[in-house]
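Undergrad: Enclosed is the structure file model-v1.cif (mmCIF, C-alpha atoms and all ligand atoms).
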```
data_structure
#
loop_
_atom_site.label_atom_id
_atom_site.label_comp_id
_atom_site.auth_asym_id
_atom_site.auth_seq_id
_atom_site.Cartn_x
_atom_site.Cartn_y
_atom_site.Cartn_z
CA MET A 1 0.00 0.00 0.00
CA ALA A 2 1.46 3.38 -1.03
CA LYS A 3 2.10 5.82 1.79
CA GLN A 4 -0.58 8.52 2.06
CA ASP A 5 -0.04 11.62 4.22
CA PHE A 6 -2.74 13.88 5.66
CA LEU A 7 -1.13 17.29 5.96
CA SER A 8 -4.07 19.17 4.46
CA LEU A 9 -7.62 18.41 3.30
CA LEU A 10 -6.23 18.95 -0.20
CA ASP A 11 -4.10 15.78 0.12
CA LEU A 12 -7.20 13.63 -0.41
CA SER A 13 -9.77 13.59 -3.18
CA PRO A 14 -13.32 14.75 -2.39
CA GLU A 15 -14.38 11.10 -2.75
CA ASP A 16 -11.83 9.90 -0.18
CA LEU A 17 -12.79 12.72 2.20
CA GLN A 18 -16.45 11.74 1.93
CA TYR A 19 -15.47 8.11 2.55
CA LEU A 20 -13.78 9.27 5.78
CA ILE A 21 -16.92 11.14 6.88
CA GLN A 22 -19.05 8.05 6.28
CA ARG A 23 -16.52 5.83 8.04
CA GLY A 24 -16.31 8.25 10.99
CA ARG A 25 -20.08 7.96 11.35
CA GLU A 26 -19.76 4.18 11.37
CA MET A 27 -16.97 4.42 13.98
CA ARG A 28 -19.29 6.55 16.13
CA LYS A 29 -22.09 3.99 15.88
CA MET A 30 -19.72 1.12 16.72
CA HIS A 31 -18.48 3.07 19.77
CA GLU A 32 -22.04 3.82 20.94
CA ASN A 33 -22.93 0.13 20.55
CA GLN A 34 -19.73 -0.95 22.35
CA VAL A 35 -18.61 -2.99 19.36
CA VAL A 36 -15.01 -4.21 19.73
CA TYR A 37 -13.25 -3.58 16.42
CA GLN A 38 -9.46 -3.93 16.40
CA PRO A 39 -7.93 -3.76 12.91
CA LEU A 40 -4.76 -2.05 14.18
CA VAL A 41 -3.48 -4.84 16.46
CA GLY A 42 0.32 -4.78 16.28
CA LYS A 43 0.45 -1.22 14.92
CA THR A 44 1.98 1.74 16.73
CA GLY A 45 1.81 5.49 16.18
CA ALA A 46 4.00 8.30 17.49
CA LEU A 47 2.18 11.47 18.53
CA ILE A 48 4.56 14.42 18.65
CA LEU A 49 3.13 17.51 20.33
CA GLU A 50 5.07 20.75 20.46
CA MET A 51 1.96 22.51 21.84
CA SER A 52 -0.81 21.65 24.27
CA SER A 53 -3.70 19.43 23.25
CA THR A 54 -6.64 17.68 24.85
CA ARG A 55 -9.04 16.64 22.06
CA THR A 56 -6.47 15.79 19.42
CA ARG A 57 -4.29 13.87 21.86
CA VAL A 58 -7.12 11.90 23.45
CA GLY A 59 -8.68 11.28 20.03
CA PHE A 60 -5.48 9.72 18.73
CA GLN A 61 -4.41 7.88 21.88
CA ALA A 62 -7.85 6.52 22.84
CA GLY A 63 -8.63 5.92 19.17
CA PHE A 64 -5.48 3.90 18.57
CA SER A 65 -6.10 1.88 21.71
CA GLN A 66 -9.74 1.18 20.79
CA LEU A 67 -8.60 -0.01 17.34
CA GLY A 68 -6.21 -2.49 18.98
CA GLY A 69 -2.95 -0.56 18.52
CA ASN A 70 -0.94 1.87 20.57
CA ALA A 71 -0.02 5.54 20.22
CA LEU A 72 3.10 6.82 21.97
CA PHE A 73 2.99 10.40 23.20
CA LEU A 74 6.25 12.24 22.52
CA ASN A 75 6.42 15.55 24.33
CA ALA A 76 8.86 17.53 22.23
CA ALA A 77 10.44 19.02 25.36
CA ASP A 78 11.25 15.57 26.82
CA THR A 79 12.80 14.05 23.71
CA GLN A 80 15.73 14.75 21.40
CA ILE A 81 13.30 16.76 19.23
CA GLY A 82 13.42 19.51 21.84
CA ARG A 83 17.23 19.45 21.71
CA GLY A 84 17.29 20.10 17.98
CA GLU A 85 17.52 16.64 16.36
CA PRO A 86 16.98 17.36 12.65
CA VAL A 87 13.49 16.67 11.36
CA GLU A 88 14.81 14.46 8.55
CA ASP A 89 16.66 12.23 11.05
CA LEU A 90 13.59 12.04 13.26
CA ALA A 91 11.48 11.04 10.25
CA ARG A 92 13.87 8.24 9.31
CA VAL A 93 14.28 6.93 12.86
CA LEU A 94 10.58 6.84 13.66
CA SER A 95 9.83 5.25 10.28
CA GLU A 96 11.98 2.30 11.42
CA MET A 97 9.95 1.85 14.60
CA VAL A 98 6.31 2.86 14.22
CA ASN A 99 3.57 2.85 11.56
CA VAL A 100 2.28 6.45 11.54
CA LEU A 101 3.38 9.88 12.79
CA MET A 102 1.03 12.53 14.11
CA ILE A 103 2.57 15.93 14.75
CA ARG A 104 1.40 19.29 16.14
CA THR A 105 3.82 22.13 15.58
CA LEU A 106 3.47 25.78 14.59
CA GLU A 107 5.61 25.30 11.50
CA GLN A 108 3.75 23.71 8.58
CA SER A 109 7.15 23.40 6.85
CA HIS A 110 8.36 21.04 9.61
CA ILE A 111 5.36 18.80 9.01
CA GLU A 112 6.03 18.83 5.28
CA GLN A 113 9.70 18.03 5.88
CA LEU A 114 8.75 15.18 8.19
CA ALA A 115 6.45 13.79 5.51
CA GLU A 116 9.14 14.12 2.85
CA PHE A 117 11.63 11.98 4.77
CA ALA A 118 9.25 9.56 6.53
CA THR A 119 8.39 6.31 4.79
CA ILE A 120 5.18 6.05 6.85
CA PRO A 121 2.05 8.25 6.81
CA VAL A 122 2.31 11.64 8.52
CA ILE A 123 -0.77 13.40 9.93
CA ASN A 124 -1.00 17.13 10.62
CA ALA A 125 -2.34 17.33 14.17
CA MET A 126 -2.44 21.15 13.76
CA SER A 127 -0.04 23.81 12.59
CA SER A 128 -0.35 27.60 12.46
CA LEU A 129 -1.52 27.18 8.86
CA LEU A 130 -4.02 24.31 8.99
CA HIS A 131 -6.08 22.05 11.26
CA PRO A 132 -7.42 19.38 8.88
CA CYS A 133 -8.29 16.79 11.57
CA GLN A 134 -10.74 19.25 13.15
CA LEU A 135 -12.54 19.62 9.84
CA LEU A 136 -13.16 15.89 9.56
CA ALA A 137 -14.98 16.06 12.91
CA ASP A 138 -16.87 19.24 11.96
CA ILE A 139 -18.12 17.96 8.61
CA GLN A 140 -19.08 14.63 10.17
CA THR A 141 -21.04 16.47 12.86
CA PHE A 142 -22.91 18.62 10.34
CA GLU A 143 -23.78 15.65 8.12
CA GLU A 144 -24.92 13.53 11.09
CA LEU A 145 -27.27 16.27 12.25
CA ARG A 146 -28.32 18.04 9.04
CA GLY A 147 -27.38 15.89 6.02
CA PRO A 148 -25.01 16.74 3.17
CA ILE A 149 -22.97 19.90 3.64
CA SER A 150 -22.53 20.37 -0.10
CA GLY A 151 -24.44 23.52 -1.09
CA ALA A 152 -24.91 24.68 2.52
CA THR A 153 -24.00 28.20 3.70
CA VAL A 154 -21.31 28.34 6.37
CA ALA A 155 -20.17 31.45 8.28
CA PHE A 156 -16.71 31.72 9.83
CA ILE A 157 -16.41 34.61 12.29
CA GLY A 158 -13.03 35.69 13.68
CA ASP A 159 -9.34 35.19 13.13
CA GLY A 160 -8.30 34.20 9.59
CA TYR A 161 -5.90 31.61 11.00
CA ASN A 162 -5.56 27.82 10.85
CA MET A 163 -9.24 26.96 11.38
CA CYS A 164 -10.34 29.53 8.83
CA HIS A 165 -7.82 28.19 6.30
CA SER A 166 -9.03 24.65 6.78
CA TYR A 167 -12.63 25.83 6.35
CA ILE A 168 -11.63 27.43 3.05
CA ASN A 169 -10.09 24.13 1.95
CA ALA A 170 -13.21 22.30 3.11
CA ALA A 171 -15.47 24.66 1.13
CA ARG A 172 -13.42 23.77 -1.93
CA GLN A 173 -13.47 20.01 -1.30
CA TRP A 174 -17.09 19.61 -0.15
CA GLY A 175 -18.65 22.33 -2.31
CA PHE A 176 -20.26 24.53 0.35
CA ASN A 177 -20.44 28.33 0.43
CA LEU A 178 -18.22 29.93 3.05
CA ARG A 179 -18.62 33.54 4.20
CA ILE A 180 -15.77 34.87 6.33
CA ALA A 181 -15.91 37.94 8.59
CA SER A 182 -12.53 38.90 10.08
CA PRO A 183 -11.19 42.21 11.34
CA GLU A 184 -8.69 44.12 9.22
CA GLY A 185 -5.20 42.77 9.84
CA PHE A 186 -6.52 39.27 10.64
CA LEU A 187 -7.70 38.17 7.22
CA PRO A 188 -6.94 34.66 5.96
CA ASN A 189 -3.92 33.84 3.82
CA PRO A 190 -4.72 35.41 0.41
CA GLU A 191 -3.39 32.44 -1.59
CA ILE A 192 -5.59 29.99 0.29
CA LEU A 193 -8.58 32.31 -0.07
CA ALA A 194 -7.95 32.70 -3.81
CA SER A 195 -7.76 28.92 -4.32
CA THR A 196 -11.55 28.54 -4.48
CA ASN A 197 -14.62 30.48 -5.57
CA ASN A 198 -16.54 28.87 -2.70
CA ALA A 199 -15.16 31.24 -0.03
CA GLN A 200 -15.80 35.00 0.19
CA MET A 201 -14.86 37.72 2.65
CA VAL A 202 -17.78 39.81 3.91
CA ASP A 203 -17.74 43.07 5.87
CA THR A 204 -19.51 42.14 9.09
CA PRO A 205 -20.39 39.10 11.23
CA GLN A 206 -24.07 39.96 10.60
CA GLU A 207 -23.56 39.68 6.84
CA ALA A 208 -21.72 36.37 7.30
CA VAL A 209 -24.38 34.68 9.42
CA ALA A 210 -27.48 35.84 7.47
CA GLN A 211 -29.48 32.62 6.82
CA ALA A 212 -26.33 30.50 7.42
CA ASP A 213 -26.73 26.77 8.11
CA LEU A 214 -23.55 26.54 10.19
CA VAL A 215 -21.72 29.21 12.20
CA ILE A 216 -18.14 28.70 13.36
CA THR A 217 -15.74 30.70 15.43
CA ASP A 218 -12.40 30.15 17.14
CA VAL A 219 -10.48 31.78 19.97
CA TRP A 220 -9.19 35.29 19.39
CA SER A 221 -5.65 34.35 20.50
CA SER A 222 -4.59 30.91 19.31
CA MET A 223 -1.46 29.05 20.40
CA GLY A 224 1.45 31.03 18.99
CA HIS A 225 -0.21 34.39 19.81
CA GLU A 226 0.80 34.49 23.45
CA GLY A 227 1.28 38.06 24.68
CA GLN A 228 -1.21 39.50 22.16
CA GLU A 229 -4.34 38.68 24.17
CA SER A 230 -5.13 42.19 25.38
CA ASP A 231 -4.74 43.87 21.97
CA ARG A 232 -6.74 41.13 20.29
CA ARG A 233 -9.60 41.43 22.81
CA SER A 234 -10.16 45.02 21.64
CA THR A 235 -9.67 44.28 17.93
CA PHE A 236 -12.12 41.36 17.95
CA ALA A 237 -14.70 42.90 20.31
CA ASP A 238 -17.34 43.21 17.56
CA TYR A 239 -16.78 39.62 16.42
CA GLN A 240 -18.30 37.78 19.38
CA VAL A 241 -20.75 35.02 18.42
CA ASN A 242 -23.73 35.26 20.75
CA GLU A 243 -27.40 34.31 20.76
CA THR A 244 -28.47 37.58 19.11
CA LEU A 245 -26.07 37.10 16.23
CA LEU A 246 -27.13 33.48 15.82
CA ASP A 247 -30.80 34.58 15.64
CA GLN A 248 -29.98 36.06 12.21
CA ALA A 249 -28.94 32.67 10.82
CA SER A 250 -31.21 29.92 9.46
CA LYS A 251 -33.72 28.63 12.02
CA ASP A 252 -31.97 25.22 11.87
CA VAL A 253 -28.47 26.68 12.25
CA LEU A 254 -25.77 24.73 14.08
CA PHE A 255 -23.00 26.42 16.04
CA MET A 256 -19.57 24.80 16.27
CA HIS A 257 -16.26 25.71 17.94
CA CYS A 258 -13.16 23.53 17.90
CA LEU A 259 -12.64 24.25 21.66
CA PRO A 260 -11.26 25.18 24.07
CA ALA A 261 -13.57 28.23 24.13
CA HIS A 262 -13.17 31.46 26.04
CA ARG A 263 -16.64 32.32 27.33
CA GLY A 264 -17.22 36.08 27.31
CA GLU A 265 -14.75 36.58 24.44
CA GLU A 266 -15.36 34.90 21.06
CA VAL A 267 -18.57 33.35 22.46
CA SER A 268 -21.06 34.75 24.95
CA ASP A 269 -21.09 33.23 28.44
CA THR A 270 -24.08 31.05 27.59
CA LEU A 271 -23.73 30.17 23.89
CA LEU A 272 -22.16 26.74 24.36
CA ASP A 273 -25.29 25.72 26.29
CA ASP A 274 -27.69 27.06 23.63
CA LYS A 275 -29.71 24.34 21.85
CA ARG A 276 -28.13 25.40 18.54
CA SER A 277 -24.63 24.63 19.87
CA VAL A 278 -23.27 21.16 19.06
CA VAL A 279 -19.73 21.70 20.32
CA PHE A 280 -19.62 18.62 22.54
CA HIS A 281 -20.97 16.29 19.85
CA GLU A 282 -18.34 17.90 17.59
CA ALA A 283 -15.60 17.28 20.18
CA GLY A 284 -16.67 13.64 20.49
CA ASN A 285 -16.31 13.27 16.75
CA ARG A 286 -12.61 14.09 17.07
CA LEU A 287 -12.29 10.51 18.35
CA HIS A 288 -14.43 8.83 15.71
CA SER A 289 -13.10 10.79 12.73
CA GLN A 290 -9.48 10.26 13.77
CA LYS A 291 -10.14 6.52 14.12
CA ALA A 292 -11.51 6.53 10.57
CA LEU A 293 -8.41 8.42 9.41
CA LEU A 294 -5.98 6.01 11.13
CA GLU A 295 -7.77 3.00 9.66
CA PHE A 296 -7.75 4.58 6.17
CA LEU A 297 -4.06 5.49 6.25
CA LEU A 298 -2.89 2.21 7.79
CA ILE A 299 -5.06 -0.42 6.16
CA GLY A 300 -7.07 1.37 3.46
CA LYS A 301 -10.79 1.53 2.76
CA VAL A 302 -13.08 -1.08 4.24
CA ASN A 303 -16.60 -1.97 3.08
CA ALA A 304 -16.11 0.31 0.08
N1 LIG A 401 -9.64 21.54 18.89
C1 LIG A 401 -8.47 21.03 19.25
O1 LIG A 401 -7.57 20.79 18.41
O2 LIG A 401 -8.35 20.76 20.58
P1 LIG A 401 -7.00 20.45 21.31
O3 LIG A 401 -6.09 21.66 21.15
O4 LIG A 401 -7.41 20.23 22.75
O5 LIG A 401 -6.37 19.23 20.70
#
```
Rewrite the structure of this file - the entire thing - as structure tokens.
Ligand code: CP
TA:
Amino acid sequence: MAKQDFLSLLDLSPEDLQYLIQRGREMRKMHENQVVYQPLVGKTGALILEMSSTRTRVGFQAGFSQLGGNALFLNAADTQIGRGEPVEDLARVLSEMVNVLMIRTLEQSHIEQLAEFATIPVINAMSSLLHPCQLLADIQTFEELRGPISGATVAFIGDGYNMCHSYINAARQWGFNLRIASPEGFLPNPEILASTNNAQMVDTPQEAVAQADLVITDVWSSMGHEGQESDRRSTFADYQVNETLLDQASKDVLFMHCLPAHRGEEVSDTLLDDKRSVVFHEAGNRLHSQKALLEFLLIGKVNA
């Protein structure tokens, strides 16, 4: 089986992405029905985290374990990675020992370099540029609750950073319409934005959410923006997603957030508890969608 990486949603065809969504839904059902399914017995992954993580880490470690394999957690600070071992050496060494690498680092170029030298699949567990694993969970959540996302209207409110970039890639791959409202100075990468006609900048959060089927936001200061919190709180003050803003969306709108959320900043104190919020279902799908991804990259499609 040829090695397949998952550094971006653009690494897979729309058909393979939709397969993963369907398979994630099946993984969720198996989990709910306590079905024991262990196709990864004997397989090991290495999870390298240069930044904090709860959902991604638990999704990969619990997911690997539930599928019969094992995921090692490598804290960059406790390993030779933190002492400057070259990425190409790391890629070659780990390729001798494990079956898949999952890495979270600010530098997308490090992930790409790891993938270039590794002979095993490499998964982007988040960089400053992209967060493709989160999008698998988000699309799965929308389709479980509302049906196909193709043709839907999606509003992204806030920082034009990694989540926004992955939503632009998702709009391209799944064929939905994405409206983005970001303050001046925090717009998405222009090349990524220009890569599809399915994503447009709009002037205000109100314009973005009008009759939208899905509304998304993210924290105002992501990892890598430490020290900018105070300035960003003033810049983003008009970009809070709250119940009043959501009232302007479709009556069946869903609200998602990759979490962790800062109540009182990018979301109102009470929004996560609103009936339109599906953030905890979405978080649960980090497990099921990552299990589908591991199975796909390590053993290929099943039942297809
Ligand atoms: N959404 C997300 O990636 O969560 P973690 O940072 O906790 O992994």
Undergrad: Counting all atoms listed in the file, what residues are within 12 Å of ligand LIG 401 (chain A), given as a PyMOL selection string?
TA: chain A and resi 47+49-61+102-105+124-128+130-138+162-163+217-219+222-223+256-261+279-280+282-287+290
Undergrad: Write the residues you've just listed into a file as a PDB file, in the frame of the given file, and include C-alpha atoms for each of them.
TA:
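The resulting file, part.pdb, is shown below:
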```pdb
ATOM      1  CA  LEU A  47       2.180  11.470  18.530  1.00  0.00           C
ATOM      2  CA  LEU A  49       3.130  17.510  20.330  1.00  0.00           C
ATOM      3  CA  GLU A  50       5.070  20.750  20.460  1.00  0.00           C
ATOM      4  CA  MET A  51       1.960  22.510  21.840  1.00  0.00           C
ATOM      5  CA  SER A  52      -0.810  21.650  24.270  1.00  0.00           C
ATOM      6  CA  SER A  53      -3.700  19.430  23.250  1.00  0.00           C
ATOM      7  CA  THR A  54      -6.640  17.680  24.850  1.00  0.00           C
ATOM      8  CA  ARG A  55      -9.040  16.640  22.060  1.00  0.00           C
ATOM      9  CA  THR A  56      -6.470  15.790  19.420  1.00  0.00           C
ATOM     10  CA  ARG A  57      -4.290  13.870  21.860  1.00  0.00           C
ATOM     11  CA  VAL A  58      -7.120  11.900  23.450  1.00  0.00           C
ATOM     12  CA  GLY A  59      -8.680  11.280  20.030  1.00  0.00           C
ATOM     13  CA  PHE A  60      -5.480   9.720  18.730  1.00  0.00           C
ATOM     14  CA  GLN A  61      -4.410   7.880  21.880  1.00  0.00           C
ATOM     15  CA  MET A 102       1.030  12.530  14.110  1.00  0.00           C
ATOM     16  CA  ILE A 103       2.570  15.930  14.750  1.00  0.00           C
ATOM     17  CA  ARG A 104       1.400  19.290  16.140  1.00  0.00           C
ATOM     18  CA  THR A 105       3.820  22.130  15.580  1.00  0.00           C
ATOM     19  CA  ASN A 124      -1.000  17.130  10.620  1.00  0.00           C
ATOM     20  CA  ALA A 125      -2.340  17.330  14.170  1.00  0.00           C
ATOM     21  CA  MET A 126      -2.440  21.150  13.760  1.00  0.00           C
ATOM     22  CA  SER A 127      -0.040  23.810  12.590  1.00  0.00           C
ATOM     23  CA  SER A 128      -0.350  27.600  12.460  1.00  0.00           C
ATOM     24  CA  LEU A 130      -4.020  24.310   8.990  1.00  0.00           C
ATOM     25  CA  HIS A 131      -6.080  22.050  11.260  1.00  0.00           C
ATOM     26  CA  PRO A 132      -7.420  19.380   8.880  1.00  0.00           C
ATOM     27  CA  CYS A 133      -8.290  16.790  11.570  1.00  0.00           C
ATOM     28  CA  GLN A 134     -10.740  19.250  13.150  1.00  0.00           C
ATOM     29  CA  LEU A 135     -12.540  19.620   9.840  1.00  0.00           C
ATOM     30  CA  LEU A 136     -13.160  15.890   9.560  1.00  0.00           C
ATOM     31  CA  ALA A 137     -14.980  16.060  12.910  1.00  0.00           C
ATOM     32  CA  ASP A 138     -16.870  19.240  11.960  1.00  0.00           C
ATOM     33  CA  ASN A 162      -5.560  27.820  10.850  1.00  0.00           C
ATOM     34  CA  MET A 163      -9.240  26.960  11.380  1.00  0.00           C
ATOM     35  CA  THR A 217     -15.740  30.700  15.430  1.00  0.00           C
ATOM     36  CA  ASP A 218     -12.400  30.150  17.140  1.00  0.00           C
ATOM     37  CA  VAL A 219     -10.480  31.780  19.970  1.00  0.00           C
ATOM     38  CA  SER A 222      -4.590  30.910  19.310  1.00  0.00           C
ATOM     39  CA  MET A 223      -1.460  29.050  20.400  1.00  0.00           C
ATOM     40  CA  MET A 256     -19.570  24.800  16.270  1.00  0.00           C
ATOM     41  CA  HIS A 257     -16.260  25.710  17.940  1.00  0.00           C
ATOM     42  CA  CYS A 258     -13.160  23.530  17.900  1.00  0.00           C
ATOM     43  CA  LEU A 259     -12.640  24.250  21.660  1.00  0.00           C
ATOM     44  CA  PRO A 260     -11.260  25.180  24.070  1.00  0.00           C
ATOM     45  CA  ALA A 261     -13.570  28.230  24.130  1.00  0.00           C
ATOM     46  CA  VAL A 279     -19.730  21.700  20.320  1.00  0.00           C
ATOM     47  CA  PHE A 280     -19.620  18.620  22.540  1.00  0.00           C
ATOM     48  CA  GLU A 282     -18.340  17.900  17.590  1.00  0.00           C
ATOM     49  CA  ALA A 283     -15.600  17.280  20.180  1.00  0.00           C
ATOM     50  CA  GLY A 284     -16.670  13.640  20.490  1.00  0.00           C
ATOM     51  CA  ASN A 285     -16.310  13.270  16.750  1.00  0.00           C
ATOM     52  CA  ARG A 286     -12.610  14.090  17.070  1.00  0.00           C
ATOM     53  CA  LEU A 287     -12.290  10.510  18.350  1.00  0.00           C
ATOM     54  CA  GLN A 290      -9.480  10.260  13.770  1.00  0.00           C
TER      55      GLN A 290
END
```
Undergrad: Give me the residues near A:Phe236 as an NGL selection string, where near means some atom within 8 Å (using only C-alpha atoms) and where sequence neighbours in that chain fewer than 5 positions away do not count.
TA: :A and (158 or 183 or 220 or 266)
Undergrad: Give me, please, the distance in Å between atom CA of A:Lys29 and atom CA of A:Phe6, quoted to one decimal.
TA: 24.0 Å
Undergrad: Just want the 10 Å neighbourhood of A:Lys275, counted on only C-alpha atoms, with same-chain residues fewer than 5 positions away dropped. Output as a PyMOL selection string.
TA: chain A and resi 253-255
Undergrad: Identify which of the residues A:Ala155, A:Leu193, A:Ile139, A:Ala118 lies closest to A:Ile21, counting only C-alpha atoms when measuring atom-to-atom distances.
TA: A:Ile139
Undergrad: If you measure from atom CA of A:Arg23 to atom CA of A:Asn197, what distance in Å do you get, rounded to one decimal?
TA: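 Interatomic distance here is 28.2 Å.
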Undergrad: For atom CA of A:Ala91 and atom CA of A:Ala292, determine how far apart the two atoms are, in Å to one decimal place.
TA: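 Result for atom CA of A:Ala91 versus atom CA of A:Ala292: 23.4 Å, one decimal.
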Undergrad: Just checking: using all atoms listed in the file, which residue out of A:Phe142, A:Phe186, A:Tyr19, A:Phe176 ends up closest to A:Gly160?
TA: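 Between A:Phe142, A:Phe186, A:Tyr19, A:Phe176, the residue approaching A:Gly160 most closely is A:Phe186.
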Undergrad: Point out the residue among A:Asp5, A:Asp89, A:Glu265, A:Glu26 with the least atom-to-atom distance to A:Asn303, counting only C-alpha atoms.
TA: A:Glu26
Undergrad: Would you pick out the contacts of A:Ile120 at 10 Å or less, using only C-alpha atoms, so that residues sharing its chain but fewer than 6 positions from it are not included, and give the list as a VMD selection string?
TA: chain A and resid 2 to 5 45 91 to 92 94 to 96 98 to 101 114 297 to 298
Undergrad: Of the candidates A:Asn33, A:Gln22, A:Ser234, A:Asn75, which shows the shortest atom-to-atom distance to A:Ser289, using all atoms listed in the file?
TA: A:Gln22
Undergrad: So, with only C-alpha atoms as the atoms that count, which of A:Phe296, A:Lys291, A:Ala62, A:Asn242 lies closest to A:Thr270?
TA: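 Nearest candidate to A:Thr270 out of A:Phe296, A:Lys291, A:Ala62, A:Asn242: A:Asn242.
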Undergrad: Please provide the set of residues having any atom within 8 Å of A:Leu271, restricted to all atoms listed in the file, with same-chain residues fewer than 3 positions apart removed, written as a list in words.
TA: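 With the cut-off at 8 Å, the set is Val241, Asn242, Glu243, Val267, Ser268, Asp274 and Ser277 of chain A.
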Undergrad: Using all atoms listed in the file, which residue out of A:Val209, A:Val278, A:Ile168, A:Leu10 lies closest to A:Asp247?
TA: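 Result for the nearest residue to A:Asp247: A:Val209.
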Undergrad: Would you mind listing what lies within 6 Å of A:Gly68 as a list in words, with only C-alpha atoms counted and same-chain residues fewer than 4 positions away left out?
TA: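 After dropping sequence-adjacent residues, the list is Gln38, Leu40 and Val41 of chain A.
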Undergrad: Once you've located stretch 103-117 of chain A in the structure I gave, write it as a PDB file, in the first residue's frame, keeping N, CA and C atoms.
TA:
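Below is the file part.pdb, written as the result:
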```pdb
ATOM      1  N   ILE A 103       1.753  14.839  14.189  1.00  0.00           N
ATOM      2  CA  ILE A 103       2.565  15.929  14.750  1.00  0.00           C
ATOM      3  C   ILE A 103       1.797  17.232  14.812  1.00  0.00           C
ATOM      4  N   ARG A 104       1.925  17.916  15.951  1.00  0.00           N
ATOM      5  CA  ARG A 104       1.402  19.288  16.139  1.00  0.00           C
ATOM      6  C   ARG A 104       2.591  20.203  16.369  1.00  0.00           C
ATOM      7  N   THR A 105       2.748  21.154  15.482  1.00  0.00           N
ATOM      8  CA  THR A 105       3.823  22.135  15.584  1.00  0.00           C
ATOM      9  C   THR A 105       3.361  23.401  14.883  1.00  0.00           C
ATOM     10  N   LEU A 106       3.896  24.549  15.274  1.00  0.00           N
ATOM     11  CA  LEU A 106       3.473  25.782  14.594  1.00  0.00           C
ATOM     12  C   LEU A 106       3.876  25.769  13.133  1.00  0.00           C
ATOM     13  N   GLU A 107       5.029  25.182  12.837  1.00  0.00           N
ATOM     14  CA  GLU A 107       5.614  25.295  11.497  1.00  0.00           C
ATOM     15  C   GLU A 107       5.080  24.240  10.538  1.00  0.00           C
ATOM     16  N   GLN A 108       4.241  24.646   9.608  1.00  0.00           N
ATOM     17  CA  GLN A 108       3.751  23.707   8.583  1.00  0.00           C
ATOM     18  C   GLN A 108       4.936  23.113   7.813  1.00  0.00           C
ATOM     19  N   SER A 109       5.998  23.900   7.621  1.00  0.00           N
ATOM     20  CA  SER A 109       7.152  23.402   6.849  1.00  0.00           C
ATOM     21  C   SER A 109       7.818  22.223   7.558  1.00  0.00           C
ATOM     22  N   HIS A 110       7.781  22.191   8.895  1.00  0.00           N
ATOM     23  CA  HIS A 110       8.360  21.040   9.613  1.00  0.00           C
ATOM     24  C   HIS A 110       7.544  19.781   9.341  1.00  0.00           C
ATOM     25  N   ILE A 111       6.223  19.955   9.281  1.00  0.00           N
ATOM     26  CA  ILE A 111       5.364  18.795   9.014  1.00  0.00           C
ATOM     27  C   ILE A 111       5.631  18.290   7.593  1.00  0.00           C
ATOM     28  N   GLU A 112       5.778  19.227   6.679  1.00  0.00           N
ATOM     29  CA  GLU A 112       6.031  18.830   5.282  1.00  0.00           C
ATOM     30  C   GLU A 112       7.394  18.152   5.150  1.00  0.00           C
ATOM     31  N   GLN A 113       8.360  18.643   5.908  1.00  0.00           N
ATOM     32  CA  GLN A 113       9.698  18.026   5.877  1.00  0.00           C
ATOM     33  C   GLN A 113       9.643  16.627   6.489  1.00  0.00           C
ATOM     34  N   LEU A 114       8.903  16.493   7.556  1.00  0.00           N
ATOM     35  CA  LEU A 114       8.754  15.176   8.191  1.00  0.00           C
ATOM     36  C   LEU A 114       8.143  14.196   7.185  1.00  0.00           C
ATOM     37  N   ALA A 115       7.117  14.661   6.487  1.00  0.00           N
ATOM     38  CA  ALA A 115       6.448  13.791   5.509  1.00  0.00           C
ATOM     39  C   ALA A 115       7.379  13.437   4.353  1.00  0.00           C
ATOM     40  N   GLU A 116       8.228  14.371   3.970  1.00  0.00           N
ATOM     41  CA  GLU A 116       9.139  14.116   2.846  1.00  0.00           C
ATOM     42  C   GLU A 116      10.122  12.987   3.180  1.00  0.00           C
ATOM     43  N   PHE A 117      10.602  12.958   4.424  1.00  0.00           N
ATOM     44  CA  PHE A 117      11.634  11.980   4.775  1.00  0.00           C
ATOM     45  C   PHE A 117      11.075  10.716   5.422  1.00  0.00           C
TER      46      PHE A 117
END
```
